[in-house]
Amino acid sequence: MGGAAGLRLGRVEVRLERHAGLRLLGYVRQTVSPRRTRQGVPIPPGLDDRTFKCEHSSMNNINTPSVAPEVVIIGAGVAGLTLATFLTRAGVHCVVLERRDRAYIEQRNRAGVVEARGVDVFERWGLADDLLGGPLAGAIDYRVNGAGRVFDTTLDGRGPSRFCTQQMLVNNLLHQLLDVLDGDVRFEATDVTVSHDDSRPAVTWSDAEGTHATSCTYLVGSDGDRGVSRDAIPDGVLTEYRYDFGYAWLAALVEAPVTGDAIMAVSDHGFVGQLPRGPQRSRYYLQCRLEDTEQDWPDERIWDEIRLRLNDQGIQDAAVVEKFFVPLRSVVRSPMRYRNLFLAGDAAHLVPPASAKGMNLALFDVGVLGEALVAALRDGDTAPLEAYSDTCLSHVWNYQDFATWMTDTMHDAGDPTQHGIFRQMTARARLDQLFSSPTAARLHREYQLGYN
Ligand code: RFL
């Protein structure tokens with residue numbers, strides 16, 4: 001962990017040095033008597049007392065950033081950790097505040113594929129080989145009542161997507177950020193508050209060692225849909241656009257791998273999908289009612305429904321290691337910025353999981369934001385930051401459209417009680433077009449790879 005700052009009184013010498021021997025950010029000598037905080041703590045020259053850690057109780061805390069970070073990132077999910085890794089690699093002093101402990105975020109399992117565009121972003125930062133394990137993802141098996149057709153998602157001139165579970169990516173990011181780059185993540189940081197009263201955002205948080213406060217030049221809210229950073233934006237600034245599809249998915253992580261390609265299957269009995277989650281496991285998604293609970297879905301029913309919806313009585317039961325329910329909905333909050341606070345990932349937008357794009361949109365955001373922050377902090381060029389919200393939102397709306405297409409097609413084409421036989425027939429025609437129209441196929445490939 002970084003945060004070392006040397007301080008000698010009288011003839012004051014301050015080393016703005018975060019990670020001894022790794023990055024010397026600056027070196028200041030002064031002969032004036034140091035100013036002091038109200039608690040009598042000397043303030044390093046060049047910093048105002050808001051910038052400097054002013055809580056005396058925290059001064060002896062090795063985990064306290066005694067030189068204010070340039071960027072504070074709230075949330076160590078895939079968005080926050082990716083951004084922190086990019087910025088730390090670029091020499092930007094940033095601190096990540098995460099309310100959970102490390103073990104919790106290391107085992108949280110959700111997405112499974114980093115789309116080709118996301119792979120490009122990691123390659124641009126020189127991190128693809130270190131972060132993205134897993135085989136190439138190049139096909140989806142679209143089934144209707146058990147009959148499968150494999151759709152090739154690769155495009156000439158473009159690299160492929162990669163199977164890399166969100167859990168694997170997060171673990172690789174933590175290793176890269178903490179063990180290789182000596183980055184700074186404060187786990188179990190609770191009661192995070194954000195204020196914008198001044199020209200610089202300020203953040204407070206608590207942990208086992210006390211309460212801490214710092215200001216920063218830029219603040220990033222990547223604390224998911226239920227975080228605190230978005231709530232700190234005054235009422236009336238953000239517009240929320242929302243669409244609820246009216247049904248849910250049961251997500252069941254099972255001890256059985258996908259044997260062929262990822263499956264997205266419509267059936268008269270409702271949607272089922274099977275997506276790889278590592279070499280030994282896969283996740284089944286089953287369309288269900290919004291009000292369904294675990295009591296409605298014992299393991300036996302899960303396997304009976306999988307066999308029914310895939311029209312394959314040969315599928316064997318396997319252990320179900322996790323089940324939860326996800327309401328299908330789309331949300332966009334606009335703009336993705338307030339003053340020097342930038343929202344990224346689920347804090348700004350949600351897509352239904354039928355599109356498999358939530359993590360990939362988060363990666364898009366932080367790819368744009370990482371480059372914009374480096375341009376602002378290192379080159380004094382704030383134009384990319386000014387454009388951040390518009391750049392991301394135009395991509396986000398394209399992918400909300402794709403997510404709506406996928407969700408409607410996969411569900412309307414299936415159970416006719418969903419939206420009636422007429423919509424079932426048009427949705428099946430839409431699906432057929434992927435295999436009969438090169439134009440429709442090309443657009444679908446571009447969406448799957450993340451290039452729209
Ligand atoms: P995350 O991953 O939720 O991370 C947010 C982090 O912020 C922390 N936090 C706080 N920290 C400090 N103070 C607070 N007050 C805080 N409040 C929250 C949290 O502990 C957490 O560590 O958001 P991020 O980084 O924006 O990443 C978004 C993605 O996680 C999400 O979009 C994807 O998981 C969505 N998603 C999928 N995306 C894909 O691209 N492909 C998929 O196949 C895919 N499948 C899925 C999904 C999401 C699912 N669920 C659970 C909704 C499947 C499912 C079932």
# chains A, B, ... in the order shown; residues from 1 in each chain; ligands from 1
call {"tool": "residues_near_ligand", "arguments": {"ligand": "ligand 1", "cutoff": "8 Å", "atoms": "only C-alpha atoms and all ligand atoms", "output": "PDB file with C-alpha atoms, in the first residue's frame"}}
result
ATOM      1  CA  ILE A  74     -15.501   4.706  -4.696  1.00  0.00           C
ATOM      2  CA  GLY A  75     -16.139   1.011  -5.279  1.00  0.00           C
ATOM      3  CA  ALA A  76     -13.700  -1.796  -6.085  1.00  0.00           C
ATOM      4  CA  GLY A  77     -15.858  -3.637  -8.584  1.00  0.00           C
ATOM      5  CA  VAL A  78     -14.721  -4.271 -12.104  1.00  0.00           C
ATOM      6  CA  ALA A  79     -15.075  -0.574 -13.042  1.00  0.00           C
ATOM      7  CA  GLY A  80     -13.221   0.845 -10.027  1.00  0.00           C
ATOM      8  CA  LEU A  81     -10.398  -1.692 -10.081  1.00  0.00           C
ATOM      9  CA  LEU A  97     -12.555   2.935  -1.185  1.00  0.00           C
ATOM     10  CA  GLU A  98     -14.441  -0.365  -0.998  1.00  0.00           C
ATOM     11  CA  ARG A  99     -17.012  -1.175   1.651  1.00  0.00           C
ATOM     12  CA  ARG A 100     -16.541  -4.970   1.424  1.00  0.00           C
ATOM     13  CA  ILE A 105     -15.067  -9.131  -3.861  1.00  0.00           C
ATOM     14  CA  ASN A 109     -19.213 -14.110  -9.729  1.00  0.00           C
ATOM     15  CA  ARG A 110     -21.317 -12.511 -12.462  1.00  0.00           C
ATOM     16  CA  ALA A 111     -20.270 -11.873 -16.081  1.00  0.00           C
ATOM     17  CA  GLY A 112     -18.354 -14.340 -18.211  1.00  0.00           C
ATOM     18  CA  VAL A 113     -17.120 -12.664 -21.403  1.00  0.00           C
ATOM     19  CA  VAL A 114     -14.974  -9.597 -22.067  1.00  0.00           C
ATOM     20  CA  GLU A 115     -16.118  -8.402 -25.484  1.00  0.00           C
ATOM     21  CA  GLN A 166     -15.799 -11.262 -13.878  1.00  0.00           C
ATOM     22  CA  GLU A 188     -14.009  -2.330   4.551  1.00  0.00           C
ATOM     23  CA  ALA A 189     -14.290   1.434   4.156  1.00  0.00           C
ATOM     24  CA  THR A 190     -17.718   2.189   5.582  1.00  0.00           C
ATOM     25  CA  ASP A 191     -19.904   5.276   5.860  1.00  0.00           C
ATOM     26  CA  VAL A 192     -18.370   6.890   2.788  1.00  0.00           C
ATOM     27  CA  SER A 222     -18.069   3.294  -9.434  1.00  0.00           C
ATOM     28  CA  ASP A 223     -19.988   1.928  -6.476  1.00  0.00           C
ATOM     29  CA  GLY A 224     -22.690   0.122  -8.404  1.00  0.00           C
ATOM     30  CA  ASP A 225     -26.411   0.687  -8.538  1.00  0.00           C
ATOM     31  CA  ARG A 226     -26.841   1.059  -4.780  1.00  0.00           C
ATOM     32  CA  GLY A 227     -23.748   3.082  -3.929  1.00  0.00           C
ATOM     33  CA  VAL A 228     -23.470   6.473  -2.264  1.00  0.00           C
ATOM     34  CA  SER A 229     -21.739   8.577  -4.884  1.00  0.00           C
ATOM     35  CA  ALA A 251     -29.603 -17.496 -12.079  1.00  0.00           C
ATOM     36  CA  LEU A 275     -23.132 -19.722 -20.156  1.00  0.00           C
ATOM     37  CA  PHE A 324     -30.555 -15.841  -7.061  1.00  0.00           C
ATOM     38  CA  PHE A 325     -33.166 -13.823  -8.936  1.00  0.00           C
ATOM     39  CA  VAL A 326     -32.558 -10.870 -11.238  1.00  0.00           C
ATOM     40  CA  ALA A 344     -18.977   4.851 -14.174  1.00  0.00           C
ATOM     41  CA  GLY A 345     -20.448   1.378 -14.618  1.00  0.00           C
ATOM     42  CA  ASP A 346     -23.595   0.260 -12.822  1.00  0.00           C
ATOM     43  CA  ALA A 347     -23.667   3.513 -10.837  1.00  0.00           C
ATOM     44  CA  ALA A 348     -24.692   5.168 -14.107  1.00  0.00           C
ATOM     45  CA  LEU A 350     -27.975  -1.030 -15.893  1.00  0.00           C
ATOM     46  CA  VAL A 351     -28.755  -3.376 -18.754  1.00  0.00           C
ATOM     47  CA  PRO A 352     -30.686  -6.645 -18.514  1.00  0.00           C
ATOM     48  CA  PRO A 353     -28.301  -9.629 -18.345  1.00  0.00           C
ATOM     49  CA  ALA A 354     -29.748 -11.117 -21.574  1.00  0.00           C
ATOM     50  CA  SER A 355     -27.393  -8.747 -23.396  1.00  0.00           C
ATOM     51  CA  ALA A 356     -24.303  -9.760 -21.377  1.00  0.00           C
ATOM     52  CA  LYS A 357     -23.182  -6.137 -21.548  1.00  0.00           C
ATOM     53  CA  GLY A 358     -23.214  -4.680 -18.016  1.00  0.00           C
ATOM     54  CA  MET A 359     -19.574  -5.402 -17.237  1.00  0.00           C
ATOM     55  CA  ASN A 360     -18.588  -4.496 -20.773  1.00  0.00           C
ATOM     56  CA  LEU A 361     -20.273  -1.097 -20.539  1.00  0.00           C
ATOM     57  CA  ALA A 362     -18.452  -0.542 -17.252  1.00  0.00           C
TER      58      ALA A 362
END
call {"tool": "select_by_dssp", "arguments": {"residues": "stretch 160-226 of chain A", "states": "strand (DSSP E)", "output": "VMD selection string"}}
result
chain A and resid 161 to 163 185 to 186 190 to 195 202 to 207 210 to 215 218 to 221
call {"tool": "write_last_selection", "arguments": {"atoms": "C-alpha atoms", "output": "CSV table (one decimal), in the first residue's frame"}}
result
chain,number,residue,atom,x,y,z
A,161,SER,CA,-14.0,-11.6,-27.4
A,162,ARG,CA,-12.5,-13.6,-24.5
A,163,PHE,CA,-14.0,-15.9,-22.0
A,185,VAL,CA,-7.3,0.0,-2.1
A,186,ARG,CA,-9.0,0.6,1.3
A,190,THR,CA,-17.7,2.2,5.6
A,191,ASP,CA,-19.9,5.3,5.9
A,192,VAL,CA,-18.4,6.9,2.8
A,193,THR,CA,-19.6,10.5,2.4
A,194,VAL,CA,-19.0,12.8,-0.6
A,195,SER,CA,-19.3,16.5,-0.6
A,202,ALA,CA,-14.1,15.9,-0.5
A,203,VAL,CA,-14.6,12.3,0.9
A,204,THR,CA,-14.8,10.9,4.3
A,205,TRP,CA,-14.9,7.3,5.4
A,206,SER,CA,-14.5,5.0,8.4
A,207,ASP,CA,-12.6,1.8,9.0
A,210,GLY,CA,-11.0,5.5,12.7
A,211,THR,CA,-12.5,8.2,10.5
A,212,HIS,CA,-10.7,9.7,7.6
A,213,ALA,CA,-11.1,12.6,5.3
A,214,THR,CA,-9.4,13.8,2.1
A,215,SER,CA,-10.1,16.0,-0.8
A,218,TYR,CA,-11.4,14.1,-9.3
A,219,LEU,CA,-13.8,11.7,-7.8
A,220,VAL,CA,-15.1,8.6,-9.5
A,221,GLY,CA,-18.4,6.9,-8.4
call {"tool": "select_by_dssp", "arguments": {"residues": "stretch 108-345 of chain A", "states": "helix (DSSP H, G or I)", "output": "PDB file with C-alpha atoms, in the first residue's frame"}}
result
ATOM      1  CA  ALA A 116     -13.558  -7.731 -28.227  1.00  0.00           C
ATOM      2  CA  ARG A 117     -13.740  -3.985 -27.730  1.00  0.00           C
ATOM      3  CA  GLY A 118     -12.931  -4.444 -24.033  1.00  0.00           C
ATOM      4  CA  VAL A 119      -9.992  -6.641 -25.003  1.00  0.00           C
ATOM      5  CA  ASP A 120      -8.773  -3.767 -27.220  1.00  0.00           C
ATOM      6  CA  VAL A 121      -8.923  -1.388 -24.246  1.00  0.00           C
ATOM      7  CA  PHE A 122      -6.788  -3.672 -22.084  1.00  0.00           C
ATOM      8  CA  GLU A 123      -4.369  -4.094 -24.978  1.00  0.00           C
ATOM      9  CA  ARG A 124      -4.060  -0.313 -25.324  1.00  0.00           C
ATOM     10  CA  ALA A 128      -4.472  -7.748 -21.828  1.00  0.00           C
ATOM     11  CA  ASP A 129      -1.977 -10.594 -21.344  1.00  0.00           C
ATOM     12  CA  ASP A 130      -1.793 -10.048 -17.574  1.00  0.00           C
ATOM     13  CA  LEU A 131      -5.517  -9.683 -16.974  1.00  0.00           C
ATOM     14  CA  GLN A 166     -15.799 -11.262 -13.878  1.00  0.00           C
ATOM     15  CA  GLN A 167     -14.381 -13.056 -10.857  1.00  0.00           C
ATOM     16  CA  MET A 168     -11.205 -13.975 -12.744  1.00  0.00           C
ATOM     17  CA  LEU A 169     -10.851 -10.421 -14.065  1.00  0.00           C
ATOM     18  CA  VAL A 170     -11.348  -8.912 -10.598  1.00  0.00           C
ATOM     19  CA  ASN A 171      -8.799 -11.302  -9.088  1.00  0.00           C
ATOM     20  CA  ASN A 172      -6.282 -10.506 -11.809  1.00  0.00           C
ATOM     21  CA  LEU A 173      -6.903  -6.768 -11.357  1.00  0.00           C
ATOM     22  CA  LEU A 174      -6.376  -7.017  -7.603  1.00  0.00           C
ATOM     23  CA  HIS A 175      -3.128  -8.892  -8.114  1.00  0.00           C
ATOM     24  CA  GLN A 176      -1.931  -6.391 -10.725  1.00  0.00           C
ATOM     25  CA  LEU A 177      -2.988  -3.310  -8.763  1.00  0.00           C
ATOM     26  CA  LEU A 178      -1.881  -4.363  -5.283  1.00  0.00           C
ATOM     27  CA  ASP A 179       0.989  -6.810  -5.802  1.00  0.00           C
ATOM     28  CA  VAL A 180       2.563  -5.527  -9.014  1.00  0.00           C
ATOM     29  CA  ARG A 230     -24.787   9.072  -7.113  1.00  0.00           C
ATOM     30  CA  ASP A 231     -26.908   9.935  -4.080  1.00  0.00           C
ATOM     31  CA  ALA A 232     -24.482  12.755  -3.269  1.00  0.00           C
ATOM     32  CA  GLU A 294     -36.233 -19.901  -3.786  1.00  0.00           C
ATOM     33  CA  GLN A 295     -39.234 -21.810  -2.420  1.00  0.00           C
ATOM     34  CA  ASP A 296     -40.712 -21.810  -5.934  1.00  0.00           C
ATOM     35  CA  ASP A 299     -33.160 -27.859  -7.406  1.00  0.00           C
ATOM     36  CA  GLU A 300     -35.360 -30.631  -8.862  1.00  0.00           C
ATOM     37  CA  ARG A 301     -37.600 -28.054 -10.546  1.00  0.00           C
ATOM     38  CA  ILE A 302     -34.562 -26.231 -11.956  1.00  0.00           C
ATOM     39  CA  TRP A 303     -33.323 -29.406 -13.673  1.00  0.00           C
ATOM     40  CA  ASP A 304     -36.798 -30.421 -14.871  1.00  0.00           C
ATOM     41  CA  GLU A 305     -37.265 -26.963 -16.440  1.00  0.00           C
ATOM     42  CA  ILE A 306     -33.807 -27.035 -18.043  1.00  0.00           C
ATOM     43  CA  ARG A 307     -34.598 -30.400 -19.664  1.00  0.00           C
ATOM     44  CA  LEU A 308     -38.029 -29.176 -20.759  1.00  0.00           C
ATOM     45  CA  ARG A 309     -36.855 -25.851 -22.188  1.00  0.00           C
ATOM     46  CA  LEU A 310     -33.848 -27.373 -23.965  1.00  0.00           C
ATOM     47  CA  GLY A 345     -20.448   1.378 -14.618  1.00  0.00           C
TER      48      GLY A 345
END
call {"tool": "residues_around", "arguments": {"residues": "stretch 146-157 of chain A", "least_positions_apart": "3", "cutoff": "7 Å", "atoms": "only C-alpha atoms", "output": "NGL selection string"}}
result
:A and (138-143 or 160 or 310-311 or 445 or 448)
call {"tool": "write_last_selection", "arguments": {"atoms": "C-alpha atoms", "output": "compact mmCIF listing (two decimals), in the first residue's frame"}}
result
# COMPACT_ATOMS: atom_id res chain seq x y z
CA GLY A 138 -16.49 -16.88 -30.89
CA ALA A 139 -19.97 -18.42 -31.10
CA ILE A 140 -23.45 -18.57 -29.58
CA ASP A 141 -25.79 -21.53 -29.97
CA TYR A 142 -29.25 -20.01 -30.51
CA ARG A 143 -31.89 -22.71 -29.98
CA PRO A 160 -12.29 -12.02 -30.76
CA LEU A 310 -33.85 -27.37 -23.96
CA ASN A 311 -36.00 -30.29 -25.10
CA ARG A 445 -21.70 -9.43 -34.66
CA GLN A 448 -21.71 -8.81 -29.72
call {"tool": "atom_distance", "arguments": {"atom1": "atom CA of A:Arg200", "atom2": "atom CA of A:Thr239"}}
result
23.7 Å
call {"tool": "residues_around", "arguments": {"residues": "A:Ser282", "least_positions_apart": "5", "cutoff": "6 Å", "atoms": "only C-alpha atoms", "output": "list of chain:residue names"}}
result
A:Leu253, A:Val254, A:Ala256, A:Pro257, A:Val258, A:Leu275, A:Pro276, A:Arg277
call {"tool": "residues_around", "arguments": {"residues": "A:His444", "least_positions_apart": "3", "cutoff": "12 Å", "atoms": "only C-alpha atoms", "output": "PyMOL selection string"}}
result
chain A and resi 139-140+151-155+355+399+401-403+405-406+430-431+433-435+437-441+447-452
call {"tool": "write_last_selection", "arguments": {"atoms": "N, CA and C atoms", "output": "short mmCIF file (atom, residue, chain, number, x, y, z; two decimals), in the first residue's frame"}}
result
data_model
loop_
_atom_site.label_atom_id
_atom_site.label_comp_id
_atom_site.auth_asym_id
_atom_site.auth_seq_id
_atom_site.Cartn_x
_atom_site.Cartn_y
_atom_site.Cartn_z
N ALA A 139 -18.71 -17.90 -30.56
CA ALA A 139 -19.97 -18.42 -31.10
C ALA A 139 -21.04 -18.50 -30.02
N ILE A 140 -22.29 -18.39 -30.47
CA ILE A 140 -23.45 -18.57 -29.58
C ILE A 140 -24.39 -19.57 -30.24
N PHE A 151 -24.30 -19.39 -34.14
CA PHE A 151 -24.01 -18.10 -34.75
C PHE A 151 -22.55 -17.74 -34.46
N ASP A 152 -21.81 -17.50 -35.53
CA ASP A 152 -20.39 -17.15 -35.40
C ASP A 152 -20.29 -15.65 -35.12
N THR A 153 -19.74 -15.28 -33.97
CA THR A 153 -19.70 -13.86 -33.60
C THR A 153 -18.42 -13.16 -34.08
N THR A 154 -17.52 -13.87 -34.75
CA THR A 154 -16.26 -13.21 -35.12
C THR A 154 -16.44 -12.37 -36.39
N LEU A 155 -15.63 -11.35 -36.51
CA LEU A 155 -15.68 -10.43 -37.65
C LEU A 155 -14.28 -10.30 -38.24
N SER A 355 -28.33 -9.34 -22.43
CA SER A 355 -27.39 -8.75 -23.40
C SER A 355 -25.94 -9.08 -23.07
N TYR A 399 -26.27 0.35 -26.68
CA TYR A 399 -26.32 -0.97 -26.05
C TYR A 399 -27.60 -1.19 -25.25
N ASP A 401 -30.33 -0.29 -26.62
CA ASP A 401 -31.15 -0.76 -27.74
C ASP A 401 -30.85 -2.24 -28.03
N PHE A 402 -29.56 -2.58 -28.05
CA PHE A 402 -29.19 -3.99 -28.27
C PHE A 402 -29.76 -4.89 -27.17
N ALA A 403 -29.65 -4.42 -25.92
CA ALA A 403 -30.13 -5.23 -24.79
C ALA A 403 -31.65 -5.42 -24.89
N TRP A 405 -33.34 -5.43 -27.71
CA TRP A 405 -33.50 -6.38 -28.84
C TRP A 405 -33.31 -7.81 -28.35
N MET A 406 -32.21 -8.03 -27.63
CA MET A 406 -31.91 -9.39 -27.15
C MET A 406 -32.99 -9.88 -26.19
N ARG A 430 -37.16 -12.51 -36.47
CA ARG A 430 -35.97 -11.70 -36.19
C ARG A 430 -34.75 -12.58 -35.93
N LEU A 431 -34.99 -13.64 -35.18
CA LEU A 431 -33.90 -14.57 -34.89
C LEU A 431 -33.44 -15.28 -36.16
N GLN A 433 -33.48 -14.16 -39.11
CA GLN A 433 -32.73 -13.25 -39.97
C GLN A 433 -31.23 -13.27 -39.70
N LEU A 434 -30.87 -13.57 -38.46
CA LEU A 434 -29.43 -13.63 -38.14
C LEU A 434 -28.74 -14.68 -39.00
N PHE A 435 -29.51 -15.70 -39.42
CA PHE A 435 -28.92 -16.80 -40.19
C PHE A 435 -29.22 -16.68 -41.68
N SER A 437 -29.80 -13.28 -43.29
CA SER A 437 -29.42 -11.97 -43.83
C SER A 437 -28.00 -11.60 -43.40
N PRO A 438 -27.05 -11.50 -44.33
CA PRO A 438 -25.69 -11.10 -43.96
C PRO A 438 -25.67 -9.73 -43.29
N THR A 439 -26.60 -8.86 -43.67
CA THR A 439 -26.64 -7.52 -43.07
C THR A 439 -27.03 -7.60 -41.60
N ALA A 440 -28.10 -8.38 -41.33
CA ALA A 440 -28.53 -8.55 -39.93
C ALA A 440 -27.42 -9.24 -39.13
N ALA A 441 -26.78 -10.22 -39.74
CA ALA A 441 -25.73 -10.96 -39.04
C ALA A 441 -24.55 -10.05 -38.71
N TYR A 447 -22.48 -5.76 -32.54
CA TYR A 447 -22.99 -5.56 -31.18
C TYR A 447 -22.35 -6.55 -30.21
N GLN A 448 -22.29 -7.82 -30.63
CA GLN A 448 -21.71 -8.81 -29.72
C GLN A 448 -20.26 -8.46 -29.36
N LEU A 449 -19.54 -7.92 -30.32
CA LEU A 449 -18.12 -7.62 -30.07
C LEU A 449 -17.92 -6.27 -29.38
N GLY A 450 -18.97 -5.45 -29.37
CA GLY A 450 -18.89 -4.19 -28.63
C GLY A 450 -18.53 -2.97 -29.47
N TYR A 451 -18.70 -3.07 -30.79
CA TYR A 451 -18.19 -1.99 -31.64
C TYR A 451 -19.26 -0.97 -32.06
N ASN A 452 -20.43 -0.98 -31.44
CA ASN A 452 -21.44 0.01 -31.85
C ASN A 452 -21.56 1.13 -30.81
#
call {"tool": "residues_around", "arguments": {"residues": "A:His411", "least_positions_apart": "6", "cutoff": "7 Å", "atoms": "only C-alpha atoms", "output": "JSON, numbers by chain"}}
result
{"A": [266, 270, 271]}
call {"tool": "write_last_selection", "arguments": {"atoms": "C-alpha atoms", "output": "PDB file, in the first residue's frame"}}
result
ATOM      1  CA  VAL A 266     -36.084 -19.854 -26.549  1.00  0.00           C
ATOM      2  CA  GLY A 270     -39.807 -19.852 -21.474  1.00  0.00           C
ATOM      3  CA  PHE A 271     -36.201 -18.826 -21.956  1.00  0.00           C
TER       4      PHE A 271
END
call {"tool": "atom_distance", "arguments": {"atom1": "atom CA of A:Gln313", "atom2": "atom CA of A:Gly273"}}
result
16.1 Å
